[in-house]
Amino acid sequence: DIQMTQSPSTLSASVGDRVTITCRASQSISSGLAWYQQKPGKAPNLLIYKASSLESGVPSRFSGSGSGTEFTLTISSLQFDDFATYYCQQYNSYSWTFGQGTKVEIK
Amino acid sequence: EVQLVESGGDLVQPGGSLRLSCAASGFTFSSYEMNWVRQAPGKGLEWVSYMSSSGRTIHYADSVKGRFTISRDNAENSLYLQMNSLRAEDTAVYYCARTRAMVPFDNWGQGTLVTVSS
């Protein structure tokens with residue numbers, strides 16, 4: 001199975017900060033990568049698919065980049081509503097796998 | 001509006017069985033691929049199983065292969081997960097999630113809790 005490793009595991013930031021989360025795949029996944037946001041007690045919400053395509057309805061402060069084995073999720077200006085846990089997920093080949101998550105906390 | 005509503009979660013003893021259901025509405029269910037994804041308490045997300053729109057293609061995570069069976073009834077707009085030989089490590093919230101045109105998990109249900117304990 002392809003292993004997905006996110007860094008950092010926890011991130012402390014302030015409103016207005018630019019935030020970057022990295023996701024690395026154990027082998028090339030081309031552009032088969034998605035990013036999700038999850039808040040406590042809620043289902044995850046799709047933010048980005050195909051590494052850099054913004055899902056409809058998602059604010060433009062979210063962006064994704066990368067291909068192959070290294071990917072990033074960037075929040076250009078962190079808002080209160082963005083404090084949550086973020087997961088990357090590869091869907092290039094089965095079994096589909098998630099990263100371990102990055103918790104974005106208030107500094 | 002797309003809606004996915006899971007049901008069937010319960011407390012079950014190790015070695016027991018359970019069947020989860022996911023009722024879909026707000027879209028043409030028979031045209032979409034569907035999945036089950038789970039999340040153990042306080043842990044990350046784990047994809048469990050996939051079924052194509054026709055039901056002909058199925059995939060499972062190694063952790064559930066041979067114990068879980070995914071199925072669907074397109075006439076009833078429903079997705080199912082039959083879980084047998086349950087283990088403590090299967091304890092989790094189980095979500096059904098839709099896939100569209102190679103975009104994974106674009107809509108999720110609210111989840112149903114399965115607890116495996118004696």
# chains A, B, ... in the order shown; residues from 1 in each chain; ligands from 1
call {"tool": "interface_residues", "arguments": {"of": "chain B", "to": "chain A", "cutoff": "6 Å", "atoms": "only C-alpha atoms", "output": "ChimeraX atom specification"}}
result
/B:44,61,106,110
call {"tool": "select_by_dssp", "arguments": {"residues": "chain B", "states": "helix (DSSP H, G or I)", "output": "ChimeraX atom specification"}}
result
/B:29-31,88-90
call {"tool": "closest_residue", "arguments": {"among": "A:Gln3, A:Ser12, A:Thr20, A:Ser26", "to": "Arg61 of chain A", "atoms": "only C-alpha atoms"}}
result
A:Thr20
call {"tool": "residues_around", "arguments": {"residues": "Gly15 of chain B", "least_positions_apart": "4", "cutoff": "9 Å", "atoms": "only C-alpha atoms", "output": "ChimeraX atom specification"}}
result
/B:84-87,116
call {"tool": "select_by_dssp", "arguments": {"residues": "segment 7-105 of chain A", "states": "strand (DSSP E)", "output": "PyMOL selection string"}}
result
chain A and resi 7+10-13+19-25+33-38+45-49+53-54+62-67+70-75+85-90+97-98+102-105
call {"tool": "atom_distance", "arguments": {"atom1": "atom CA of Leu54 of chain A", "atom2": "atom CA of Ala101 of chain B"}}
result
14.9 Å
call {"tool": "residues_around", "arguments": {"residues": "Thr74 of chain A", "least_positions_apart": "4", "cutoff": "10 Å", "atoms": "only C-alpha atoms", "output": "list in words"}}
result
Arg18, Val19, Thr20, Ile21, Thr22, Arg61, Phe62, Ser63, Gly64, Ser65 and Leu78 of chain A
call {"tool": "write_last_selection", "arguments": {"atoms": "C-alpha atoms", "output": "PDB file, in the first residue's frame"}}
result
ATOM      1  CA  ARG A  18      -0.304  31.880   5.801  1.00  0.00           C
ATOM      2  CA  VAL A  19      -0.312  28.165   6.587  1.00  0.00           C
ATOM      3  CA  THR A  20       1.274  25.322   4.623  1.00  0.00           C
ATOM      4  CA  ILE A  21       0.795  21.595   5.215  1.00  0.00           C
ATOM      5  CA  THR A  22       2.933  19.022   3.409  1.00  0.00           C
ATOM      6  CA  ARG A  61      -7.879  31.040   0.290  1.00  0.00           C
ATOM      7  CA  PHE A  62      -7.371  27.265   0.063  1.00  0.00           C
ATOM      8  CA  SER A  63      -5.011  26.010  -2.636  1.00  0.00           C
ATOM      9  CA  GLY A  64      -3.162  22.817  -3.416  1.00  0.00           C
ATOM     10  CA  SER A  65      -0.039  22.057  -5.390  1.00  0.00           C
ATOM     11  CA  LEU A  78      -6.139  31.711   8.137  1.00  0.00           C
TER      12      LEU A  78
END
call {"tool": "residues_around", "arguments": {"residues": "segment 37-43 of chain B", "least_positions_apart": "5", "cutoff": "8 Å", "atoms": "only C-alpha atoms", "output": "PDB file with N, CA and C atoms, in the first residue's frame"}}
result
ATOM      1  N   VAL B  48     -12.351   1.942   3.683  1.00  0.00           N
ATOM      2  CA  VAL B  48     -12.707   0.550   3.957  1.00  0.00           C
ATOM      3  C   VAL B  48     -13.056  -0.219   2.682  1.00  0.00           C
ATOM      4  N   SER B  49     -13.923   0.353   1.848  1.00  0.00           N
ATOM      5  CA  SER B  49     -14.405  -0.401   0.690  1.00  0.00           C
ATOM      6  C   SER B  49     -14.979   0.528  -0.357  1.00  0.00           C
ATOM      7  N   GLU B  89     -10.709  -3.843  17.032  1.00  0.00           N
ATOM      8  CA  GLU B  89     -10.103  -2.795  16.195  1.00  0.00           C
ATOM      9  C   GLU B  89     -11.028  -2.314  15.081  1.00  0.00           C
ATOM     10  N   ASP B  90     -12.201  -2.913  14.929  1.00  0.00           N
ATOM     11  CA  ASP B  90     -13.194  -2.414  13.972  1.00  0.00           C
ATOM     12  C   ASP B  90     -14.072  -1.328  14.592  1.00  0.00           C
ATOM     13  N   THR B  91     -13.883  -1.070  15.884  1.00  0.00           N
ATOM     14  CA  THR B  91     -14.639  -0.005  16.543  1.00  0.00           C
ATOM     15  C   THR B  91     -14.331   1.327  15.884  1.00  0.00           C
ATOM     16  N   ALA B  92     -15.368   2.002  15.402  1.00  0.00           N
ATOM     17  CA  ALA B  92     -15.166   3.247  14.651  1.00  0.00           C
ATOM     18  C   ALA B  92     -16.502   3.861  14.283  1.00  0.00           C
ATOM     19  N   VAL B  93     -16.450   5.114  13.878  1.00  0.00           N
ATOM     20  CA  VAL B  93     -17.566   5.715  13.158  1.00  0.00           C
ATOM     21  C   VAL B  93     -17.402   5.347  11.688  1.00  0.00           C
ATOM     22  N   TYR B  94     -18.463   4.813  11.101  1.00  0.00           N
ATOM     23  CA  TYR B  94     -18.437   4.411   9.696  1.00  0.00           C
ATOM     24  C   TYR B  94     -19.222   5.419   8.871  1.00  0.00           C
ATOM     25  N   TYR B  95     -18.553   5.971   7.860  1.00  0.00           N
ATOM     26  CA  TYR B  95     -19.175   6.935   6.956  1.00  0.00           C
ATOM     27  C   TYR B  95     -19.376   6.296   5.587  1.00  0.00           C
ATOM     28  N   CYS B  96     -20.499   6.597   4.947  1.00  0.00           N
ATOM     29  CA  CYS B  96     -20.571   6.325   3.516  1.00  0.00           C
ATOM     30  C   CYS B  96     -20.215   7.616   2.794  1.00  0.00           C
ATOM     31  N   ALA B  97     -19.566   7.485   1.658  1.00  0.00           N
ATOM     32  CA  ALA B  97     -19.058   8.641   0.933  1.00  0.00           C
ATOM     33  C   ALA B  97     -19.160   8.390  -0.567  1.00  0.00           C
TER      34      ALA B  97
END
call {"tool": "closest_residue", "arguments": {"among": "A:Thr10, A:Thr69, A:Ser52, A:Ser60", "to": "Ser28 of chain A", "atoms": "only C-alpha atoms"}}
result
A:Thr69
call {"tool": "residues_around", "arguments": {"residues": "Val5 of chain B", "least_positions_apart": "2", "cutoff": "9 Å", "atoms": "only C-alpha atoms", "output": "VMD selection string"}}
result
chain B and resid 3 7 21 to 25 95 to 96 108 to 112
call {"tool": "closest_residue", "arguments": {"among": "A:Val58, A:Cys23, A:Ile106, A:Ile29", "to": "Thr72 of chain A", "atoms": "only C-alpha atoms"}}
result
A:Cys23
call {"tool": "closest_residue", "arguments": {"among": "B:Arg72, B:Pro104, B:Ile58, B:Glu1", "to": "Phe27 of chain B", "atoms": "only C-alpha atoms"}}
result
B:Glu1
call {"tool": "atom_distance", "arguments": {"atom1": "atom CA of Met51 of chain B", "atom2": "atom CA of Ser78 of chain B"}}
result
12.0 Å
call {"tool": "closest_residue", "arguments": {"among": "A:Ser7, A:Gln38, A:Ile2, A:Arg24", "to": "Asp81 of chain A", "atoms": "only C-alpha atoms"}}
result
A:Gln38
call {"tool": "residues_around", "arguments": {"residues": "Ser30 of chain B", "least_positions_apart": "3", "cutoff": "8 Å", "atoms": "only C-alpha atoms", "output": "list of chain:residue names"}}
result
B:Ser53, B:Ser54, B:Asn74, B:Ala75, B:Asn77
call {"tool": "write_last_selection", "arguments": {"atoms": "all heavy atoms", "output": "PDB file, in the first residue's frame"}}
result
ATOM      1  N   SER B  53     -20.585   2.061  -9.732  1.00  0.00           N
ATOM      2  CA  SER B  53     -21.998   2.399  -9.859  1.00  0.00           C
ATOM      3  C   SER B  53     -22.847   1.187 -10.223  1.00  0.00           C
ATOM      4  O   SER B  53     -23.973   1.038  -9.739  1.00  0.00           O
ATOM      5  CB  SER B  53     -22.183   3.501 -10.905  1.00  0.00           C
ATOM      6  OG  SER B  53     -21.632   3.105 -12.146  1.00  0.00           O
ATOM      7  N   SER B  54     -22.290   0.298 -11.021  1.00  0.00           N
ATOM      8  CA  SER B  54     -23.040  -0.896 -11.444  1.00  0.00           C
ATOM      9  C   SER B  54     -22.949  -2.023 -10.425  1.00  0.00           C
ATOM     10  O   SER B  54     -23.725  -2.979 -10.466  1.00  0.00           O
ATOM     11  CB  SER B  54     -22.480  -1.411 -12.772  1.00  0.00           C
ATOM     12  OG  SER B  54     -21.152  -1.869 -12.588  1.00  0.00           O
ATOM     13  N   ASN B  74     -29.552  -0.249  -6.252  1.00  0.00           N
ATOM     14  CA  ASN B  74     -29.792   0.999  -6.980  1.00  0.00           C
ATOM     15  C   ASN B  74     -31.279   1.339  -7.072  1.00  0.00           C
ATOM     16  O   ASN B  74     -31.644   2.505  -7.177  1.00  0.00           O
ATOM     17  CB  ASN B  74     -29.163   0.933  -8.373  1.00  0.00           C
ATOM     18  CG  ASN B  74     -27.643   1.082  -8.322  1.00  0.00           C
ATOM     19  OD1 ASN B  74     -27.085   1.555  -7.333  1.00  0.00           O
ATOM     20  ND2 ASN B  74     -26.980   0.659  -9.395  1.00  0.00           N
ATOM     21  N   ALA B  75     -32.128   0.346  -7.009  1.00  0.00           N
ATOM     22  CA  ALA B  75     -33.574   0.604  -7.031  1.00  0.00           C
ATOM     23  C   ALA B  75     -34.037   1.251  -5.730  1.00  0.00           C
ATOM     24  O   ALA B  75     -35.003   2.019  -5.715  1.00  0.00           O
ATOM     25  CB  ALA B  75     -34.339  -0.690  -7.281  1.00  0.00           C
ATOM     26  N   ASN B  77     -31.847   3.027  -3.805  1.00  0.00           N
ATOM     27  CA  ASN B  77     -30.921   4.124  -3.496  1.00  0.00           C
ATOM     28  C   ASN B  77     -30.173   3.876  -2.190  1.00  0.00           C
ATOM     29  O   ASN B  77     -30.045   4.780  -1.339  1.00  0.00           O
ATOM     30  CB  ASN B  77     -31.648   5.466  -3.424  1.00  0.00           C
ATOM     31  CG  ASN B  77     -32.225   5.884  -4.750  1.00  0.00           C
ATOM     32  OD1 ASN B  77     -31.677   5.540  -5.806  1.00  0.00           O
ATOM     33  ND2 ASN B  77     -33.327   6.609  -4.723  1.00  0.00           N
TER      34      ASN B  77
END
call {"tool": "closest_residue", "arguments": {"among": "A:Pro59, A:Phe83, A:Phe71, A:Lys107", "to": "Gln6 of chain A", "atoms": "only C-alpha atoms"}}
result
A:Phe71
